[in-house]
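Enquirer: Please find upload.csv (CSV, C-alpha atoms and all ligand atoms) on the next line:
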chain,number,residue,atom,x,y,z
H,1,MET,CA,0.0,0.0,0.0
H,2,LYS,CA,1.3,3.5,-0.9
H,3,THR,CA,0.9,5.8,2.1
H,4,ILE,CA,-0.4,9.3,1.1
H,5,ILE,CA,1.2,12.2,3.0
H,6,ARG,CA,-0.7,15.4,3.3
H,7,LYS,CA,0.6,18.5,5.0
H,8,VAL,CA,-2.0,20.6,6.9
H,9,ASP,CA,-1.5,24.1,8.2
H,10,ARG,CA,-3.1,24.3,11.7
H,11,GLY,CA,-3.9,28.0,11.1
H,12,GLN,CA,-5.8,27.3,7.9
H,13,ILE,CA,-7.0,23.7,7.8
H,14,ASP,CA,-7.5,22.4,4.3
H,15,LYS,CA,-11.1,21.1,4.2
H,16,ALA,CA,-10.4,18.9,1.1
H,17,VAL,CA,-7.7,17.0,2.9
H,18,MET,CA,-10.0,16.5,6.0
H,19,ALA,CA,-12.7,15.2,3.7
H,20,GLU,CA,-10.2,12.8,2.0
H,21,ALA,CA,-9.0,11.5,5.3
H,22,GLY,CA,-12.6,11.3,6.7
H,23,GLU,CA,-13.6,9.1,3.7
H,24,ILE,CA,-10.7,6.7,4.3
H,25,LEU,CA,-11.7,6.4,8.0
H,26,ILE,CA,-15.4,5.9,7.2
H,27,ARG,CA,-14.6,3.0,4.9
H,28,GLY,CA,-12.5,1.4,7.6
H,29,GLY,CA,-9.0,2.6,6.6
H,30,LEU,CA,-6.2,4.0,8.8
H,31,VAL,CA,-5.0,7.6,8.9
H,32,ALA,CA,-2.3,8.9,11.2
H,33,PHE,CA,-2.8,12.5,12.5
H,34,PRO,CA,-1.3,14.9,15.0
H,35,THR,CA,-2.7,15.4,18.4
H,36,GLU,CA,-1.3,17.7,21.1
H,37,THR,CA,0.2,14.7,22.9
H,38,VAL,CA,1.7,12.5,20.2
H,39,TYR,CA,0.7,11.4,16.7
H,40,GLY,CA,-2.3,9.1,16.7
H,41,LEU,CA,-3.1,6.2,14.4
H,42,GLY,CA,-6.8,6.8,13.6
H,43,ALA,CA,-9.5,4.3,12.7
H,44,ASN,CA,-13.2,4.1,13.0
H,45,ALA,CA,-13.7,3.1,16.7
H,46,LEU,CA,-17.1,1.5,16.1
H,47,ASP,CA,-15.8,-0.8,13.4
H,48,GLU,CA,-14.3,-4.1,14.7
H,49,GLU,CA,-12.4,-4.7,11.4
H,50,ALA,CA,-10.8,-1.3,11.5
H,51,ALA,CA,-9.5,-2.1,15.1
H,52,LYS,CA,-8.0,-5.3,13.7
H,53,LYS,CA,-6.1,-3.3,11.0
H,54,THR,CA,-4.8,-1.0,13.7
H,55,TYR,CA,-3.3,-3.8,15.8
H,56,ALA,CA,-1.8,-5.3,12.6
H,57,ALA,CA,-0.2,-2.1,11.4
H,58,LYS,CA,1.3,-1.4,14.8
H,59,GLY,CA,2.2,-5.0,15.7
H,60,ARG,CA,0.3,-4.3,18.9
H,61,PRO,CA,-0.9,-7.1,21.2
H,62,SER,CA,-4.7,-7.3,20.8
H,63,ASP,CA,-5.3,-7.2,24.5
H,64,ASN,CA,-4.0,-3.6,24.6
H,65,PRO,CA,-7.1,-1.4,24.2
H,66,LEU,CA,-7.4,1.7,22.1
H,67,ILE,CA,-8.5,5.1,23.2
H,68,VAL,CA,-11.6,6.5,21.5
H,69,HIS,CA,-11.2,10.1,20.4
H,70,ILE,CA,-14.2,12.4,20.2
H,71,ALA,CA,-14.6,16.1,19.1
H,72,GLY,CA,-17.3,17.2,21.5
H,73,ILE,CA,-18.7,16.2,24.9
H,74,SER,CA,-22.1,15.4,23.4
H,75,TYR,CA,-20.5,12.4,21.7
H,76,LEU,CA,-19.7,10.8,25.0
H,77,LYS,CA,-23.2,9.7,25.8
H,78,ALA,CA,-23.4,7.2,23.0
H,79,ILE,CA,-20.3,5.2,24.0
H,80,ALA,CA,-20.3,5.5,27.8
H,81,LYS,CA,-23.0,3.6,29.7
H,82,GLU,CA,-22.8,5.9,32.7
H,83,ILE,CA,-21.1,9.3,33.1
H,84,PRO,CA,-20.3,10.0,36.8
H,85,GLU,CA,-20.6,13.6,38.0
H,86,ALA,CA,-16.8,13.8,38.6
H,87,ALA,CA,-16.2,12.9,35.0
H,88,LEU,CA,-18.4,15.8,33.8
H,89,LYS,CA,-16.4,18.1,36.0
H,90,LEU,CA,-13.1,16.9,34.6
H,91,ALA,CA,-14.4,17.1,31.1
H,92,GLU,CA,-15.5,20.6,31.7
H,93,LYS,CA,-12.1,21.6,33.0
H,94,PHE,CA,-9.6,19.6,30.9
H,95,TRP,CA,-11.3,18.8,27.6
H,96,PRO,CA,-10.3,19.4,25.0
H,97,GLY,CA,-6.9,18.3,26.4
H,98,PRO,CA,-4.4,15.6,27.4
H,99,LEU,CA,-6.8,13.7,29.7
H,100,THR,CA,-8.3,10.2,28.9
H,101,MET,CA,-11.2,8.9,31.1
H,102,ILE,CA,-12.3,5.3,31.4
H,103,PHE,CA,-16.1,4.5,31.5
H,104,ASP,CA,-18.2,1.4,31.3
H,105,LYS,CA,-18.7,0.9,27.6
H,106,SER,CA,-22.1,1.0,25.8
H,107,GLU,CA,-23.1,-1.7,23.3
H,108,ILE,CA,-22.0,0.2,20.2
H,109,VAL,CA,-18.3,0.0,21.1
H,110,PRO,CA,-16.9,-3.2,19.8
H,111,TYR,CA,-14.7,-5.5,21.9
H,112,GLY,CA,-12.1,-5.2,19.2
H,113,THR,CA,-11.6,-1.5,20.2
H,114,THR,CA,-11.5,-2.2,23.9
H,115,GLY,CA,-9.2,-5.2,23.8
H,116,GLY,CA,-12.0,-7.4,25.1
H,117,LEU,CA,-12.8,-5.1,28.1
H,118,ASP,CA,-16.2,-3.9,29.2
H,119,THR,CA,-14.8,-0.4,29.6
H,120,VAL,CA,-13.8,2.2,27.1
H,121,ALA,CA,-11.2,4.9,27.3
H,122,VAL,CA,-12.2,8.3,25.8
H,123,ARG,CA,-10.4,11.5,25.1
H,124,MET,CA,-11.1,14.8,23.4
H,125,PRO,CA,-7.9,16.1,21.9
H,126,ASP,CA,-7.1,19.8,21.9
H,127,ASP,CA,-5.4,19.8,18.4
H,128,GLU,CA,-7.8,21.4,15.9
H,129,ILE,CA,-6.6,19.2,13.0
H,130,ALA,CA,-7.4,16.1,15.2
H,131,ARG,CA,-10.9,17.4,16.0
H,132,GLU,CA,-11.7,18.2,12.4
H,133,LEU,CA,-10.5,14.8,11.4
H,134,ILE,CA,-12.6,13.1,14.0
H,135,LEU,CA,-15.7,14.8,12.8
H,136,ALA,CA,-14.9,14.1,9.2
H,137,GLY,CA,-14.3,10.4,10.1
H,138,GLY,CA,-17.7,9.9,11.8
H,139,GLY,CA,-17.1,11.2,15.3
H,140,TYR,CA,-15.5,8.2,17.0
H,141,ILE,CA,-11.9,7.6,16.1
H,142,SER,CA,-9.7,5.1,18.0
H,143,ALA,CA,-6.2,6.4,18.0
H,144,PRO,CA,-3.3,4.6,19.7
H,145,SER,CA,0.1,6.3,19.4
H,146,ALA,CA,1.2,6.1,15.7
H,147,ASN,CA,4.4,4.0,16.2
H,148,THR,CA,5.4,0.4,15.8
H,149,SER,CA,4.6,-1.3,19.0
H,150,GLY,CA,7.7,-1.2,21.3
H,151,ARG,CA,9.2,1.9,19.6
H,152,PRO,CA,9.0,5.4,21.1
H,153,SER,CA,5.7,7.2,20.3
H,154,THR,CA,5.9,9.5,17.3
H,155,THR,CA,6.0,13.3,17.7
H,156,THR,CA,6.5,14.2,14.1
H,157,ALA,CA,5.0,13.0,10.8
H,158,GLN,CA,8.5,11.9,9.7
H,159,HIS,CA,8.6,9.5,12.7
H,160,VAL,CA,5.2,8.1,11.7
H,161,GLU,CA,6.5,7.6,8.2
H,162,GLU,CA,9.6,5.7,9.5
H,163,ASP,CA,7.3,3.2,11.4
H,164,LEU,CA,4.1,2.9,9.3
H,165,SER,CA,4.8,3.9,5.7
H,166,GLY,CA,3.3,1.3,3.4
H,167,LYS,CA,1.1,0.0,6.2
H,168,ILE,CA,-1.5,2.7,6.5
H,169,GLU,CA,-3.4,4.7,3.9
H,170,MET,CA,-2.6,8.3,4.9
H,171,ILE,CA,-0.5,10.5,7.2
H,172,VAL,CA,-1.7,14.0,8.0
H,173,ASP,CA,1.4,16.1,8.7
H,174,GLY,CA,0.6,18.9,11.0
H,175,GLY,CA,4.2,19.5,12.2
H,176,PRO,CA,5.7,18.5,15.5
H,177,VAL,CA,3.3,18.0,18.4
H,178,GLU,CA,3.2,20.3,21.4
H,179,ILE,CA,3.4,18.1,24.5
H,180,GLY,CA,5.3,15.0,23.5
H,181,VAL,CA,4.1,12.4,26.1
H,182,GLU,CA,0.8,10.6,26.0
H,183,SER,CA,-2.3,11.6,27.9
H,184,THR,CA,-3.0,11.1,31.5
H,185,ILE,CA,-5.4,8.1,31.9
H,186,VAL,CA,-7.9,8.2,34.8
H,187,ASP,CA,-10.3,5.3,35.5
H,188,MET,CA,-13.7,6.9,36.3
H,189,THR,CA,-15.4,3.6,37.0
H,190,VAL,CA,-13.9,3.4,40.5
H,191,VAL,CA,-14.4,5.6,43.5
H,192,PRO,CA,-12.1,7.5,44.1
H,193,PRO,CA,-11.0,7.7,40.5
H,194,MET,CA,-7.6,6.2,39.8
H,195,ILE,CA,-4.7,7.4,37.6
H,196,LEU,CA,-3.5,4.5,35.4
H,197,ARG,CA,-0.9,6.5,33.4
H,198,PRO,CA,0.7,9.8,34.3
H,199,GLY,CA,0.6,12.6,31.8
H,200,ALA,CA,0.5,16.4,31.5
H,201,ILE,CA,-2.6,16.6,33.6
H,202,THR,CA,-1.3,15.8,37.1
H,203,LYS,CA,-2.8,14.2,40.2
H,204,GLU,CA,-2.8,17.6,41.9
H,205,MET,CA,-4.7,19.2,39.0
H,206,LEU,CA,-7.3,16.5,39.1
H,207,GLU,CA,-7.7,16.7,42.9
H,208,GLU,CA,-8.2,20.4,42.7
H,209,GLU,CA,-11.4,19.7,40.7
H,210,ILE,CA,-12.8,16.5,42.2
H,211,GLY,CA,-11.1,15.7,45.5
H,212,GLU,CA,-9.2,12.5,46.2
H,213,VAL,CA,-7.6,10.6,43.2
H,214,THR,CA,-5.5,7.5,43.7
H,215,VAL,CA,-2.6,6.2,41.5
H,216,ASP,CA,-2.4,2.6,40.2
H,217,LYS,CA,0.2,1.0,42.5
H,218,ALA,CA,1.7,-0.9,39.6
H,219,ILE,CA,3.0,2.4,38.0
H,220,ILE,CA,4.5,3.5,41.3
H,221,THR,CA,6.3,0.3,42.2
H,222,PRO,CA,6.8,-1.4,38.8
H,223,ASP,CA,9.0,-4.2,40.1
H,224,SER,CA,6.2,-5.7,42.1
H,225,ASN,CA,4.0,-8.5,40.8
H,226,ILE,CA,0.9,-6.3,40.5
H,227,ALA,CA,-0.5,-6.1,37.0
H,228,PRO,CA,-1.2,-2.6,35.9
H,229,LYS,CA,-4.8,-1.7,35.3
H,230,ALA,CA,-4.1,-0.1,31.9
H,231,PRO,CA,-3.1,-3.3,30.0
H,232,GLY,CA,-0.7,-1.3,27.8
H,233,MET,CA,1.4,-0.3,30.8
H,234,LYS,CA,2.7,-3.8,31.3
H,235,TYR,CA,4.6,-3.8,28.0
H,236,ARG,CA,8.1,-2.5,27.6
H,237,HIS,CA,7.1,0.5,25.6
H,238,TYR,CA,9.2,3.4,24.3
H,239,ALA,CA,12.3,1.2,24.1
H,240,PRO,CA,15.3,2.4,22.3
H,241,LYS,CA,17.5,-0.3,20.7
H,242,ALA,CA,20.5,0.4,23.0
H,243,ASP,CA,20.5,-0.5,26.7
H,244,LEU,CA,19.4,2.6,28.7
H,245,THR,CA,20.3,3.3,32.3
H,246,VAL,CA,18.8,6.2,34.3
H,247,VAL,CA,21.2,7.7,36.8
H,248,GLU,CA,19.8,9.6,39.8
H,249,GLY,CA,21.5,11.5,42.6
H,250,ASP,CA,23.2,14.9,43.1
H,251,VAL,CA,23.8,16.4,39.7
H,252,ASN,CA,27.6,16.6,40.1
H,253,ASP,CA,27.7,12.9,41.1
H,254,VAL,CA,25.5,11.9,38.2
H,255,ILE,CA,27.8,13.7,35.7
H,256,ALA,CA,30.9,12.2,37.2
H,257,TYR,CA,29.3,8.7,37.2
H,258,ILE,CA,28.2,9.0,33.5
H,259,ASN,CA,31.6,10.4,32.4
H,260,ASP,CA,33.2,7.3,34.0
H,261,LYS,CA,30.8,5.0,32.2
H,262,ILE,CA,31.6,6.8,28.9
H,263,LYS,CA,35.3,5.9,29.4
H,264,GLU,CA,34.4,2.3,30.3
H,265,ALA,CA,32.3,2.1,27.1
H,266,ALA,CA,35.2,3.5,25.0
H,267,GLN,CA,37.6,0.9,26.4
H,268,LYS,CA,35.2,-1.8,25.2
H,269,GLU,CA,34.8,0.0,21.9
H,270,LEU,CA,31.1,0.7,22.6
H,271,LYS,CA,29.4,3.8,21.4
H,272,CYS,CA,27.8,5.7,24.3
H,273,GLY,CA,24.9,8.1,24.3
H,274,VAL,CA,23.9,10.6,27.0
H,275,ILE,CA,20.5,12.2,27.7
H,276,ALA,CA,21.4,15.6,29.2
H,277,THR,CA,19.9,19.0,29.7
H,278,LYS,CA,20.8,22.5,28.6
H,279,GLU,CA,22.3,23.0,32.0
H,280,THR,CA,24.6,19.9,31.9
H,281,GLU,CA,25.2,19.0,28.3
H,282,ASP,CA,28.7,20.7,28.1
H,283,ARG,CA,30.0,18.7,31.0
H,284,TYR,CA,30.2,15.3,29.2
H,285,ARG,CA,33.2,14.2,27.3
H,286,ASP,CA,33.5,12.0,24.2
H,287,ALA,CA,30.0,10.7,23.9
H,288,ASP,CA,26.9,11.2,21.7
H,289,VAL,CA,25.3,13.8,24.0
H,290,LYS,CA,21.7,14.9,23.4
H,291,CYS,CA,20.0,17.7,25.1
H,292,ALA,CA,16.4,16.9,26.0
H,293,GLY,CA,15.4,20.4,27.2
H,294,THR,CA,15.9,22.7,30.1
H,295,ARG,CA,15.4,21.8,33.8
H,296,GLU,CA,13.8,25.2,34.2
H,297,ASP,CA,10.8,24.0,32.1
H,298,GLU,CA,10.2,20.3,32.1
H,299,MET,CA,7.6,20.7,29.4
H,300,THR,CA,10.6,21.1,27.0
H,301,ILE,CA,12.0,17.7,28.2
H,302,ALA,CA,8.7,16.0,27.6
H,303,ALA,CA,8.6,17.5,24.1
H,304,GLY,CA,12.1,16.3,23.3
H,305,LEU,CA,12.3,12.8,24.9
H,306,TYR,CA,10.9,10.5,22.2
H,307,ARG,CA,12.7,12.3,19.4
H,308,ILE,CA,16.0,11.8,21.2
H,309,LEU,CA,15.3,8.1,21.8
H,310,ARG,CA,14.7,7.7,18.1
H,311,GLU,CA,17.9,9.6,17.2
H,312,PHE,CA,19.9,7.2,19.3
H,313,ASP,CA,18.5,4.4,17.3
H,314,ASP,CA,19.6,6.2,14.1
H,315,ASP,CA,23.0,6.8,15.5
H,316,SER,CA,23.4,3.1,16.4
H,317,VAL,CA,24.7,3.8,19.9
H,318,ASP,CA,25.3,0.7,22.1
H,319,VAL,CA,24.6,2.1,25.5
H,320,ILE,CA,22.7,5.2,26.8
H,321,TYR,CA,22.9,6.9,30.1
H,322,SER,CA,20.2,9.4,31.1
H,323,GLU,CA,20.0,11.9,33.9
H,324,ALA,CA,16.9,11.5,36.0
H,325,PHE,CA,14.2,14.1,35.9
H,326,TYR,CA,12.1,14.6,39.0
H,327,SER,CA,9.5,17.1,39.9
H,328,ASP,CA,5.8,17.3,40.4
H,329,GLY,CA,4.0,18.2,37.3
H,330,ILE,CA,4.9,16.7,33.9
H,331,GLY,CA,8.3,15.5,35.4
H,332,SER,CA,6.5,12.4,36.8
H,333,ALA,CA,5.2,11.5,33.3
H,334,VAL,CA,8.7,12.0,31.8
H,335,MET,CA,10.3,9.8,34.4
H,336,ASN,CA,7.5,7.1,34.0
H,337,ARG,CA,8.3,6.9,30.2
H,338,LEU,CA,12.1,7.1,30.7
H,339,LEU,CA,12.0,4.3,33.3
H,340,LYS,CA,9.9,2.1,30.9
H,341,ALA,CA,12.4,2.8,28.1
H,342,ALA,CA,15.1,1.7,30.5
H,343,GLY,CA,13.3,-1.4,31.5
H,344,HIS,CA,13.4,0.1,35.0
H,345,HIS,CA,17.2,0.0,35.1
H,346,ILE,CA,18.1,2.9,37.5
H,347,VAL,CA,21.2,3.5,39.5
H,348,ASN,CA,21.5,5.8,42.5
H,349,VAL,CA,24.9,7.5,42.8
H,401,LIG,P1,-1.7,4.5,23.4
H,401,LIG,O1,-2.9,4.3,22.6
H,401,LIG,O2,-0.5,4.0,22.8
H,401,LIG,O3,-1.6,5.9,24.0
H,401,LIG,O4,-2.1,3.5,24.7
H,401,LIG,C1,-3.3,3.5,25.2
H,401,LIG,C2,-3.3,3.1,26.6
H,401,LIG,O5,-4.6,3.2,27.2
H,401,LIG,C3,-2.8,1.7,26.9
H,401,LIG,O6,-1.9,1.7,27.9
H,401,LIG,C4,-4.1,1.0,27.2
H,401,LIG,O7,-3.8,-0.1,28.0
H,401,LIG,C5,-4.9,2.1,27.9
H,401,LIG,N1,-6.3,1.8,27.8
H,401,LIG,C6,-7.1,2.0,26.8
H,401,LIG,N2,-8.4,1.6,27.1
H,401,LIG,C7,-8.4,1.2,28.4
H,401,LIG,C8,-9.4,0.6,29.2
H,401,LIG,N3,-10.6,0.5,28.8
H,401,LIG,N4,-9.0,0.3,30.5
H,401,LIG,C9,-7.7,0.5,30.9
H,401,LIG,N5,-6.7,1.0,30.1
H,401,LIG,C10,-7.1,1.3,28.9
H,402,MG,MG,1.5,3.8,22.6
Is it possible to give me this structure as structure tokens?
Expert:
Amino acid sequence: MKTIIRKVDRGQIDKAVMAEAGEILIRGGLVAFPTETVYGLGANALDEEAAKKTYAAKGRPSDNPLIVHIAGISYLKAIAKEIPEAALKLAEKFWPGPLTMIFDKSEIVPYGTTGGLDTVAVRMPDDEIARELILAGGGYISAPSANTSGRPSTTTAQHVEEDLSGKIEMIVDGGPVEIGVESTIVDMTVVPPMILRPGAITKEMLEEEIGEVTVDKAIITPDSNIAPKAPGMKYRHYAPKADLTVVEGDVNDVIAYINDKIKEAAQKELKCGVIATKETEDRYRDADVKCAGTREDEMTIAAGLYRILREFDDDSVDVIYSEAFYSDGIGSAVMNRLLKAAGHHIVNV
């Protein structure tokens, strides 16, 4: 299959391109498109066959459910059996935006889309191209991240092309995404609601609106035997090809440790990569050093992380060391993705 690539300007969305993409979606085809979090691989969420194509194109295990994307809150009623009051409050505050909520599913949502679950995950993206495309495609578009399963999520149309060219009908290129890590997922079928995946909407932001929110233990203590409640969180996502180690501790100790490791790698003739920040990048010697962003604004680190992991694949490095990023806010989402990429290999220095 030849994948059509269409550039779309967010300031002046080309209706003809949206109609073309919408038609593909309505007849059960796959279209990748930008959202504010990462690129999504769109399909008609109410069509079981389209869900199968999605899993095949990504090489995604079929027990890993898809998030249904909508373009207006009025669309929620048809796919969620019950909408708790707290969910309405969160929708009011954070939609459109990087928040996914889980509801009991209605009959019209096929099990193919929900990975066999009786619940459905729903999000209204903030990206205008995404919302126009959802409307053009019939109103209910399942959209997992538009990457090959196991590779870092895609934050540009070029990354989508690398992974999915020839496997999907169309890529809508809206330029680089804004946020760079996937949405926060909150299970609204339990009381109090539970965060299943951290993202740009933090626990504190949610609690300000609806009171107590818990966090799935499996994402806090990933070494335990507890299965995560979001099936996808059990897979080693976001993995670069090289072995990645996260190093945490006092910043000077971290830099000294990583510089030692660079020397060790050189002795073994291994190519070493480093994930650093604007504040620290000049302090590493003789390695493939990439700057994720600045510690003064962790949003920049979120935006740069997946691109960097992909660049390391292109550079064919053998080992990667990353500084740790801790903070409230989006820092916890960044660390969650980084630790998954590292297979939870972290050293304290
Ligand atoms: P992605 O589409 O790559 O952003 O991944 C979607 C994530 O949402 C995966 O981790 C899924 O396991 C999770 N997810 C989707 N639907 C549900 C659901 N009904 N219950 C729990 N987790 C879900
Ligand atoms: Mg994904």
Enquirer: Rounded to one decimal, what separation in Å do you get between CA of Leu46 (chain H) and CA of Val109 (chain H)?
Expert: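 Going from CA of Leu46 (chain H) over to CA of Val109 (chain H), I get 5.4 Å.
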Enquirer: What does the distance between CA of Glu212 (chain H) and CA of Arg123 (chain H) come to in Å, to one decimal place?
Expert: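 These two atoms are separated by 21.2 Å.
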Enquirer: Taking only C-alpha atoms and all ligand atoms into account, list the residues no farther than 7 Å from ligand LIG 401 (chain H), as a PyMOL selection string.
Expert: chain H and resi 64-67+102+114+117+119-121+143-145+182-183+185+229-233
Enquirer: Name each residue within 12 Å of ligand MG 402 (chain H), counting all atoms listed in the file, as a PyMOL selection string.
Expert: chain H and resi 37-41+54-55+58-61+64-67+143-155+180-183+197+230-239+306+337+340
Enquirer: Between CA of Asp104 (chain H) and CA of Ile83 (chain H), what is the distance, to one decimal in Å?
Expert: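 Taking CA of Asp104 (chain H) and CA of Ile83 (chain H), their separation equals 8.6 Å.
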Enquirer: Would you please work out which residue, of H:Lys89, H:Arg310, H:Arg6, H:Lys77, is nearest to Asp163 (chain H) when using only C-alpha atoms?
Expert: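 Closest candidate: H:Arg310.
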Enquirer: Using only C-alpha atoms, can you tell me which of H:Met335, H:Leu135, H:Asp250, H:Ala86 comes closest to Glu208 (chain H)?
Expert: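 Going through H:Met335, H:Leu135, H:Asp250, H:Ala86 one by one, the smallest distance to Glu208 (chain H) is for H:Ala86.
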Enquirer: From the list H:Val319, H:Ala45, H:Ala302, H:Val251, which residue is nearest Ser142 (chain H) when using all atoms listed in the file?
Expert: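 Between H:Val319, H:Ala45, H:Ala302, H:Val251, the residue approaching Ser142 (chain H) most closely is H:Ala45.
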Enquirer: For a quick check of understanding, using all atoms listed in the file, which of H:Asp286, H:Glu204, H:Glu296, H:Asp63 has the smallest distance to Gly116 (chain H)?
Expert: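 Among the listed residues, the smallest separation from Gly116 (chain H) belongs to H:Asp63.
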Enquirer: When you look at Gly175 (chain H) with a cut-off of 8 Å (counting all atoms listed in the file), what residues show up, excluding the ones that are within fewer than 6 positions of it in the same chain? I need them as a PyMOL selection string.
Expert: chain H and resi 34+156-157
Enquirer: Can you pull out the residues contacting Ile179 (chain H)? Cut-off 10 Å, using only C-alpha atoms, and skip same-chain residues under 6 positions away; I want them as a ChimeraX atom specification.
Expert: /H:35-38,98,155,199-200,299-304,330
Enquirer: Would you mind exporting the chosen residues as a short mmCIF file (atom, residue, chain, number, x, y, z; two decimals), in the coordinates of the input, restricted to C-alpha atoms?
Expert:
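Written out: result-v4.cif:
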data_model
loop_
_atom_site.label_atom_id
_atom_site.label_comp_id
_atom_site.auth_asym_id
_atom_site.auth_seq_id
_atom_site.Cartn_x
_atom_site.Cartn_y
_atom_site.Cartn_z
CA THR H 35 -2.70 15.40 18.40
CA GLU H 36 -1.30 17.70 21.10
CA THR H 37 0.20 14.70 22.90
CA VAL H 38 1.70 12.50 20.20
CA PRO H 98 -4.40 15.60 27.40
CA THR H 155 6.00 13.30 17.70
CA GLY H 199 0.60 12.60 31.80
CA ALA H 200 0.50 16.40 31.50
CA MET H 299 7.60 20.70 29.40
CA THR H 300 10.60 21.10 27.00
CA ILE H 301 12.00 17.70 28.20
CA ALA H 302 8.70 16.00 27.60
CA ALA H 303 8.60 17.50 24.10
CA GLY H 304 12.10 16.30 23.30
CA ILE H 330 4.90 16.70 33.90
#
Enquirer: With distances taken over all atoms listed in the file, which of H:Asp118, H:Glu248, H:Asp260, H:Asp187 is nearest to Thr214 (chain H)?
Expert: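 The shortest atom-to-atom distance to Thr214 (chain H) comes from H:Asp187.
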